[in-house]
file input_3.tsv (TSV, C-alpha atoms)
chain	number	residue	atom	x	y	z
L	1	MET	CA	0.00	0.00	0.00
L	2	THR	CA	1.35	3.43	-0.91
L	3	ARG	CA	0.74	6.86	0.61
L	4	SER	CA	-1.49	7.89	-2.27
L	5	SER	CA	-3.75	4.82	-1.87
L	6	PHE	CA	-4.90	5.72	1.66
L	7	PRO	CA	-8.51	6.85	2.15
L	8	THR	CA	-8.77	10.51	3.14
L	9	ASN	CA	-9.51	9.64	6.78
L	10	TYR	CA	-6.74	7.03	7.01
L	11	ASP	CA	-4.09	9.39	8.32
L	12	SER	CA	-6.20	10.92	11.10
L	13	THR	CA	-7.55	7.50	12.14
L	14	LYS	CA	-4.07	6.08	12.48
L	15	ILE	CA	-2.94	9.08	14.49
L	16	ASP	CA	-5.89	8.64	16.85
L	17	LEU	CA	-4.96	4.98	17.28
L	18	ILE	CA	-1.35	5.89	18.05
L	19	LYS	CA	-2.44	8.54	20.57
L	20	ASN	CA	-5.08	6.43	22.31
L	21	HIS	CA	-3.56	2.97	22.15
L	22	PRO	CA	-1.93	1.76	25.42
L	23	LEU	CA	1.28	1.10	23.50
L	24	GLN	CA	1.48	4.65	22.16
L	25	ASN	CA	5.04	5.28	23.30
L	26	SER	CA	6.11	1.77	22.37
L	27	LEU	CA	4.81	2.29	18.85
L	28	LEU	CA	6.57	5.60	18.40
L	29	LYS	CA	9.80	4.28	19.88
L	30	LYS	CA	10.04	1.79	17.02
L	31	PHE	CA	11.15	4.78	14.95
L	32	LEU	CA	13.58	6.26	17.48
L	33	THR	CA	17.20	5.65	18.44
L	34	LYS	CA	18.80	7.32	21.43
L	35	PRO	CA	21.88	9.35	20.42
L	36	LYS	CA	24.87	10.34	22.50
L	37	ILE	CA	24.44	13.90	23.80
L	38	THR	CA	27.73	15.80	23.49
L	39	ASN	CA	26.85	19.43	24.33
L	40	TYR	CA	24.00	21.73	25.28
L	41	TYR	CA	23.90	25.53	25.24
L	42	SER	CA	21.15	28.01	26.06
L	43	PHE	CA	21.14	31.65	24.99
L	44	ILE	CA	19.71	34.91	26.28
L	45	LYS	CA	17.29	36.99	24.23
L	46	VAL	CA	18.84	40.39	23.57
L	47	ASN	CA	15.70	42.47	23.06
L	48	ASN	CA	11.92	42.13	22.87
L	49	LEU	CA	11.82	41.66	19.11
L	50	PHE	CA	9.59	38.80	17.96
L	51	TYR	CA	9.74	37.31	14.50
L	52	SER	CA	6.77	36.10	12.55
L	53	LYS	CA	7.16	32.60	11.15
L	54	THR	CA	7.87	33.92	7.65
L	55	GLU	CA	10.47	36.38	8.96
L	56	LEU	CA	12.18	33.71	11.04
L	57	ILE	CA	12.43	31.27	8.13
L	58	GLU	CA	13.98	34.01	6.00
L	59	GLN	CA	16.49	34.88	8.75
L	60	ILE	CA	17.48	31.22	9.17
L	61	ARG	CA	18.00	30.90	5.42
L	62	LEU	CA	20.20	34.00	5.40
L	63	LEU	CA	22.24	32.56	8.26
L	64	ASN	CA	22.56	29.28	6.37
L	65	ARG	CA	23.91	31.08	3.32
L	66	ALA	CA	26.44	32.85	5.53
L	67	LYS	CA	27.60	29.53	6.98
L	68	ARG	CA	28.13	28.11	3.49
L	69	PHE	CA	30.10	31.13	2.30
L	70	ASP	CA	33.86	30.76	2.69
L	71	TYR	CA	35.61	34.13	2.43
L	72	LEU	CA	39.24	33.86	1.35
L	73	ASP	CA	41.78	34.50	4.13
L	74	LEU	CA	39.18	34.75	6.90
L	75	SER	CA	39.12	32.42	9.89
L	76	PRO	CA	36.87	32.19	12.96
L	77	LEU	CA	38.01	34.29	15.90
L	78	PRO	CA	39.63	31.74	18.25
L	79	MET	CA	38.01	31.04	21.60
L	80	GLY	CA	39.48	32.62	24.71
L	81	TYR	CA	38.91	36.32	24.01
L	82	GLN	CA	36.84	38.85	25.87
L	83	ILE	CA	34.76	40.92	23.46
L	84	GLN	CA	34.80	44.69	23.93
L	85	PHE	CA	33.96	47.63	21.70
L	86	GLU	CA	34.84	51.30	21.66
L	87	TYR	CA	32.27	54.09	21.94
L	88	HIS	CA	32.74	54.82	18.25
L	89	ALA	CA	31.64	51.26	17.44
L	90	ILE	CA	28.27	51.47	19.22
L	91	LYS	CA	27.64	54.79	17.50
L	92	ARG	CA	28.37	53.28	14.09
L	93	TRP	CA	26.24	50.20	14.84
L	94	ASN	CA	23.25	52.43	15.51
L	95	GLU	CA	23.89	54.39	12.30
L	96	ARG	CA	24.73	51.56	9.91
L	97	ILE	CA	23.61	48.17	11.22
L	98	SER	CA	20.20	48.21	12.93
L	99	THR	CA	17.80	50.23	15.02
L	100	PRO	CA	19.41	51.73	18.16
L	101	ILE	CA	20.67	49.22	20.69
L	102	LEU	CA	22.05	49.81	24.18
L	103	PRO	CA	25.74	49.10	24.86
L	104	GLN	CA	24.94	46.27	27.28
L	105	GLN	CA	22.62	44.67	24.71
L	106	LEU	CA	25.30	44.86	22.03
L	107	GLN	CA	27.84	43.37	24.44
L	108	LEU	CA	25.56	40.40	25.14
L	109	LEU	CA	24.77	39.94	21.45
L	110	LEU	CA	28.42	40.01	20.36
L	111	GLN	CA	29.53	37.63	23.11
L	112	GLN	CA	26.94	35.05	22.07
L	113	ILE	CA	27.69	35.43	18.35
L	114	TYR	CA	31.38	34.97	19.11
L	115	PHE	CA	30.66	31.84	21.15
L	116	MET	CA	28.90	30.34	18.11
L	117	GLY	CA	31.92	30.99	15.88
L	118	ARG	CA	30.18	33.56	13.71
L	119	ILE	CA	32.88	36.26	13.87
L	120	LYS	CA	35.47	35.71	11.15
L	121	ILE	CA	38.54	37.88	10.89
L	122	SER	CA	41.49	38.69	8.67
L	123	LYS	CA	44.96	39.31	10.02
L	124	ASP	CA	44.71	42.89	8.75
L	125	GLY	CA	42.31	44.24	11.37
L	126	TRP	CA	38.91	43.67	9.78
L	127	GLY	CA	36.33	40.90	9.76
L	128	PHE	CA	32.69	39.93	9.31
L	129	ILE	CA	29.77	38.82	11.45
L	130	ASP	CA	27.73	36.27	9.48
L	131	GLN	CA	29.53	37.37	6.30
L	132	ASP	CA	27.36	40.49	6.37
L	133	ILE	CA	28.38	42.96	9.08
L	134	LEU	CA	31.85	44.39	8.41
L	135	LEU	CA	33.89	45.45	11.44
L	136	GLY	CA	37.31	46.85	12.25
L	137	TYR	CA	39.20	45.56	15.27
L	138	ARG	CA	42.38	45.46	17.29
L	139	CYS	CA	43.58	42.92	19.84
L	140	LYS	CA	45.11	43.60	23.23
L	141	LYS	CA	46.32	40.43	24.96
L	142	ASP	CA	43.17	38.32	25.44
L	143	THR	CA	40.74	41.12	24.53
L	144	PHE	CA	39.18	41.52	21.09
L	145	ILE	CA	38.27	45.20	20.73
L	146	ILE	CA	35.87	46.25	17.99
L	147	GLN	CA	36.75	49.76	16.89
L	148	THR	CA	34.03	50.36	14.32
L	149	PHE	CA	31.26	48.84	12.23
L	150	LEU	CA	31.46	49.87	8.59
L	151	GLY	CA	28.10	48.48	7.51
L	152	ARG	CA	26.25	45.52	6.02
L	153	THR	CA	27.22	43.98	2.70
L	154	SER	CA	23.51	43.30	2.17
L	155	LEU	CA	22.95	47.08	2.15
L	156	VAL	CA	26.29	48.26	0.72
L	157	PRO	CA	27.50	45.49	-1.65
L	158	HIS	CA	30.89	47.19	-2.19
L	159	LEU	CA	31.82	46.22	1.37
L	160	ALA	CA	31.83	42.52	0.44
L	161	ASN	CA	35.26	42.98	-1.17
L	162	TYR	CA	36.77	45.18	1.49
L	163	PRO	CA	40.48	44.84	0.51
L	164	SER	CA	39.72	45.98	-3.05
L	165	LEU	CA	37.61	48.82	-1.70
L	166	LEU	CA	40.49	50.01	0.47
L	167	ARG	CA	42.88	49.98	-2.49
L	168	PHE	CA	40.35	51.88	-4.61
L	169	ASN	CA	39.91	54.53	-1.92
L	170	GLN	CA	43.67	54.98	-1.57
L	171	ILE	CA	44.19	55.36	-5.32
L	172	GLN	CA	41.10	57.39	-6.21
L	173	LYS	CA	40.96	59.42	-2.99
L	174	ASP	CA	37.27	58.59	-2.93
L	175	ARG	CA	34.91	57.53	-0.18
L	176	ILE	CA	31.67	55.54	-0.18
L	177	ASN	CA	28.76	56.99	1.75
L	178	LEU	CA	28.10	54.43	4.50
L	179	ARG	CA	25.19	56.18	6.18
L	180	ILE	CA	21.92	54.23	5.94
L	181	PRO	CA	18.55	56.04	5.73
L	182	THR	CA	16.54	55.67	8.93
L	183	ARG	CA	13.57	54.03	7.19
L	184	ILE	CA	15.87	51.28	5.87
L	185	LEU	CA	17.85	50.98	9.09
L	186	HIS	CA	14.68	50.33	11.09
L	187	ARG	CA	13.88	47.33	8.90
L	188	GLN	CA	17.17	45.59	9.69
L	189	LYS	CA	17.14	42.64	12.08
L	190	LEU	CA	19.72	41.88	14.73
L	191	PRO	CA	21.86	38.80	14.05
L	192	LEU	CA	19.77	35.74	14.78
L	193	ILE	CA	20.29	34.02	18.14
L	194	PRO	CA	18.78	30.58	18.88
L	195	ARG	CA	16.95	29.77	22.08
L	196	GLU	CA	19.20	26.76	22.58
L	197	ILE	CA	21.62	24.45	20.79
L	198	LEU	CA	21.81	20.70	21.38
L	199	CYS	CA	24.71	18.66	19.98
L	200	PHE	CA	24.49	14.87	19.66
L	201	GLN	CA	25.93	12.06	17.58
L	202	GLY	CA	25.47	8.54	16.34
L	203	ASP	CA	27.89	5.99	14.96
L	204	TYR	CA	28.57	7.83	11.72
L	205	GLN	CA	27.15	11.34	11.97
L	206	LYS	CA	27.09	14.26	14.37
L	207	TYR	CA	24.21	16.67	14.71
L	208	GLN	CA	23.60	20.22	15.89
L	209	LEU	CA	19.98	21.16	16.59
L	210	GLU	CA	19.24	24.87	16.96
L	211	GLU	CA	15.87	25.87	18.40
L	212	TYR	CA	14.16	29.14	17.44
L	213	THR	CA	10.83	30.62	18.46
L	214	TYR	CA	8.43	32.85	16.57
L	215	HIS	CA	5.23	34.72	17.41
L	216	ASN	CA	2.12	33.67	15.53
L	217	ASN	CA	-1.19	35.44	14.94
L	218	HIS	CA	-2.71	33.96	18.10
L	219	GLN	CA	-0.11	35.67	20.31
L	220	THR	CA	1.52	32.35	21.15
L	221	ASN	CA	4.98	31.06	20.38
L	222	GLY	CA	5.79	28.49	17.74
L	223	THR	CA	9.01	26.54	17.22
L	224	LEU	CA	11.35	26.02	14.29
L	225	TYR	CA	14.52	23.94	14.35
L	226	LEU	CA	17.64	24.09	12.23
L	227	ILE	CA	19.44	20.76	12.08
L	228	THR	CA	23.03	20.52	10.83
L	229	ILE	CA	24.37	17.05	9.98
L	230	LYS	CA	28.07	16.31	9.47
L	231	PRO	CA	30.13	13.12	9.14
L	232	LEU	CA	31.50	12.02	12.51
L	233	LYS	CA	34.95	11.67	10.99
L	234	LYS	CA	36.42	14.77	9.37
L	235	ASP	CA	35.56	14.72	5.70
L	236	PHE	CA	36.37	17.89	3.80
L	237	GLN	CA	34.73	16.49	0.66
L	238	THR	CA	31.28	16.16	2.24
L	239	PRO	CA	29.54	19.49	2.96
L	240	PRO	CA	27.24	19.75	5.99
L	241	ILE	CA	23.55	19.10	5.45
L	242	ARG	CA	21.26	21.78	6.92
L	243	LYS	CA	17.49	21.50	7.15
L	244	ILE	CA	14.74	23.60	8.69
L	245	ILE	CA	12.27	21.51	10.69
L	246	ASP	CA	8.86	23.13	10.99
L	247	ILE	CA	6.86	21.41	13.72
L	248	ASP	CA	3.66	22.43	11.90
L	249	ASN	CA	4.77	20.56	8.77
L	250	PRO	CA	5.64	16.89	9.38
L	251	TYR	CA	5.23	16.00	5.69
L	252	ILE	CA	8.92	16.15	4.81
L	253	PRO	CA	11.46	13.46	3.85
L	254	MET	CA	12.19	11.01	6.63
L	255	LEU	CA	14.35	12.36	9.43
L	256	THR	CA	16.89	10.09	11.07
L	257	ARG	CA	15.90	8.05	14.10
L	258	LYS	CA	18.25	10.06	16.30
L	259	ILE	CA	16.70	13.38	15.29
L	260	LEU	CA	13.24	11.94	15.93
L	261	TYR	CA	14.37	10.77	19.37
L	262	ILE	CA	15.37	14.33	20.33
L	263	LEU	CA	12.09	15.74	18.99
L	264	TYR	CA	10.24	13.04	20.96
L	265	LYS	CA	12.00	14.12	24.15
L	266	LYS	CA	11.03	17.72	23.40
L	267	GLY	CA	7.38	16.69	23.38
L	268	HIS	CA	6.64	16.70	19.64
L	269	LYS	CA	4.83	13.34	19.59
L	270	ASP	CA	2.10	14.50	17.21
L	271	PHE	CA	4.72	15.68	14.72
L	272	ILE	CA	6.47	12.30	14.89
L	273	SER	CA	3.18	10.40	14.49
L	274	ARG	CA	2.27	12.27	11.32
L	275	HIS	CA	5.85	12.19	10.06
L	276	VAL	CA	6.26	8.42	10.30
L	277	ILE	CA	2.78	7.76	8.89
L	278	PHE	CA	3.67	9.94	5.90
L	279	ASN	CA	7.06	8.29	5.32
L	280	LYS	CA	6.57	4.74	6.63
L	281	PRO	CA	2.87	3.89	6.18
L	282	GLU	CA	3.44	0.16	5.68
L	283	LYS	CA	5.54	-0.17	8.84
L	284	VAL	CA	3.00	1.83	10.88
L	285	GLY	CA	0.28	-0.40	9.49
L	286	ARG	CA	2.09	-3.58	10.49
L	287	LEU	CA	2.74	-2.27	14.00
L	288	LEU	CA	-0.87	-1.27	14.47
L	289	ALA	CA	-2.09	-4.58	13.07
L	290	LYS	CA	-0.05	-6.40	15.70
L	291	SER	CA	-1.10	-4.17	18.58
L	292	SER	CA	-4.73	-3.28	17.82
L	293	SER	CA	-7.78	-5.15	16.59
L	294	PHE	CA	-9.15	-1.80	15.42
L	295	PHE	CA	-6.63	-1.42	12.62
L	296	LEU	CA	-8.24	0.30	9.65
L	297	LYS	CA	-7.85	-1.62	6.40
call {"tool": "encode", "arguments": {"input": "input_3.tsv", "output": "structure tokens"}}
result
Amino acid sequence: MTRSSFPTNYDSTKIDLIKNHPLQNSLLKKFLTKPKITNYYSFIKVNNLFYSKTELIEQIRLLNRAKRFDYLDLSPLPMGYQIQFEYHAIKRWNERISTPILPQQLQLLLQQIYFMGRIKISKDGWGFIDQDILLGYRCKKDTFIIQTFLGRTSLVPHLANYPSLLRFNQIQKDRINLRIPTRILHRQKLPLIPREILCFQGDYQKYQLEEYTYHNNHQTNGTLYLITIKPLKKDFQTPPIRKIIDIDNPYIPMLTRKILYILYKKGHKDFISRHVIFNKPEKVGRLLAKSSSFFLK
């Protein structure tokens, strides 16, 4: 029997059986495998900004593109630094990067971004946050001091090739206007911060699950996940796989048993029920046939 051959009420009837049957958890656990948890991190919300679901998906996709982009001669800022910024930097952030933010909010934001490895630097005193926000810096012992923010490459594309821009300015004695109109500045989002990150692994792959929340029309919070999958052994030929998991949409290609286990522990049993029925209808049918005399043929 294939997915397309089910009666229209087949899916909902099976889900009701899974929910109400005494072996509910036993049935679902047939599709789960417990992974090894390797790390867990929680993060602090910087401001009271709430994303809609559409906005959050777009922000996650932008972050994904930044993670895939490999800028020549840039490397992640090594761990072990304290992040500080000069007064000039906070002023430039509020003029060129986003709506005004307090110094303590920017400090918290930068520290968390740094912890996630999203600050990449050159040896020449400049670098990027998420391959978008261009900054100038200096180091003093174990302190990374941001001196200025030049702008966003998404708003000023010339900044994407900063070394060439510097050479052009020196030769032509010209300057690019980096000021951003207020109406555009107010539409810019702060760099995306997850609610939490959970790292786990199996025999052959390692996973990083980032959890994000959004505000829906009913004034309640919804959840999206970004899962990153990498080979357990270093393999520079195999790029990471990144997927957005929308808890409201279980009708996606089959997730691994270890990912489903984590989602099960987070309480998303209804998602898993619909997901496995969509992807493994024959197996669900066999399990229900064994455990229930009410199996729908």
call {"tool": "closest_residue", "arguments": {"input": "input_3.tsv", "among": "L:Gly285, L:Gly202, L:Gly136, L:Pro157", "to": "Lys36 in chain L", "atoms": "only C-alpha atoms"}}
result
L:Gly202
call {"tool": "closest_atom_pairs", "arguments": {"input": "input_3.tsv", "of": "range 67-122 of chain L", "to": "range 140-146 of chain L", "cutoff": "7 Å", "atoms": "only C-alpha atoms", "output": "Markdown table"}}
result
| residue | atom | partner | partner_atom | distance |
| --- | --- | --- | --- | --- |
| L:Gly80 | CA | L:Asp142 | CA | 6.8 |
| L:Tyr81 | CA | L:Asp142 | CA | 4.9 |
| L:Gln82 | CA | L:Thr143 | CA | 4.7 |
| L:Ile83 | CA | L:Phe144 | CA | 5.1 |
| L:Gln84 | CA | L:Ile145 | CA | 4.7 |
| L:Phe85 | CA | L:Ile146 | CA | 4.4 |
| L:Glu86 | CA | L:Ile146 | CA | 6.3 |
| L:Ala89 | CA | L:Ile146 | CA | 6.6 |
call {"tool": "closest_residue", "arguments": {"input": "input_3.tsv", "among": "L:Leu110, L:Leu159, L:Ile121, L:Leu287", "to": "Ile193 in chain L", "atoms": "all atoms listed in the file"}}
result
L:Leu110
call {"tool": "closest_residue", "arguments": {"input": "input_3.tsv", "among": "L:Pro281, L:Pro239, L:Pro35, L:Pro191", "to": "Met254 in chain L", "atoms": "all atoms listed in the file"}}
result
L:Pro281
call {"tool": "residues_around", "arguments": {"input": "input_3.tsv", "residues": "Tyr51 in chain L", "least_positions_apart": "6", "cutoff": "12 Å", "atoms": "all atoms listed in the file", "output": "ChimeraX atom specification"}}
result
/L:57-60,189-190,192-193,212-217,219-224
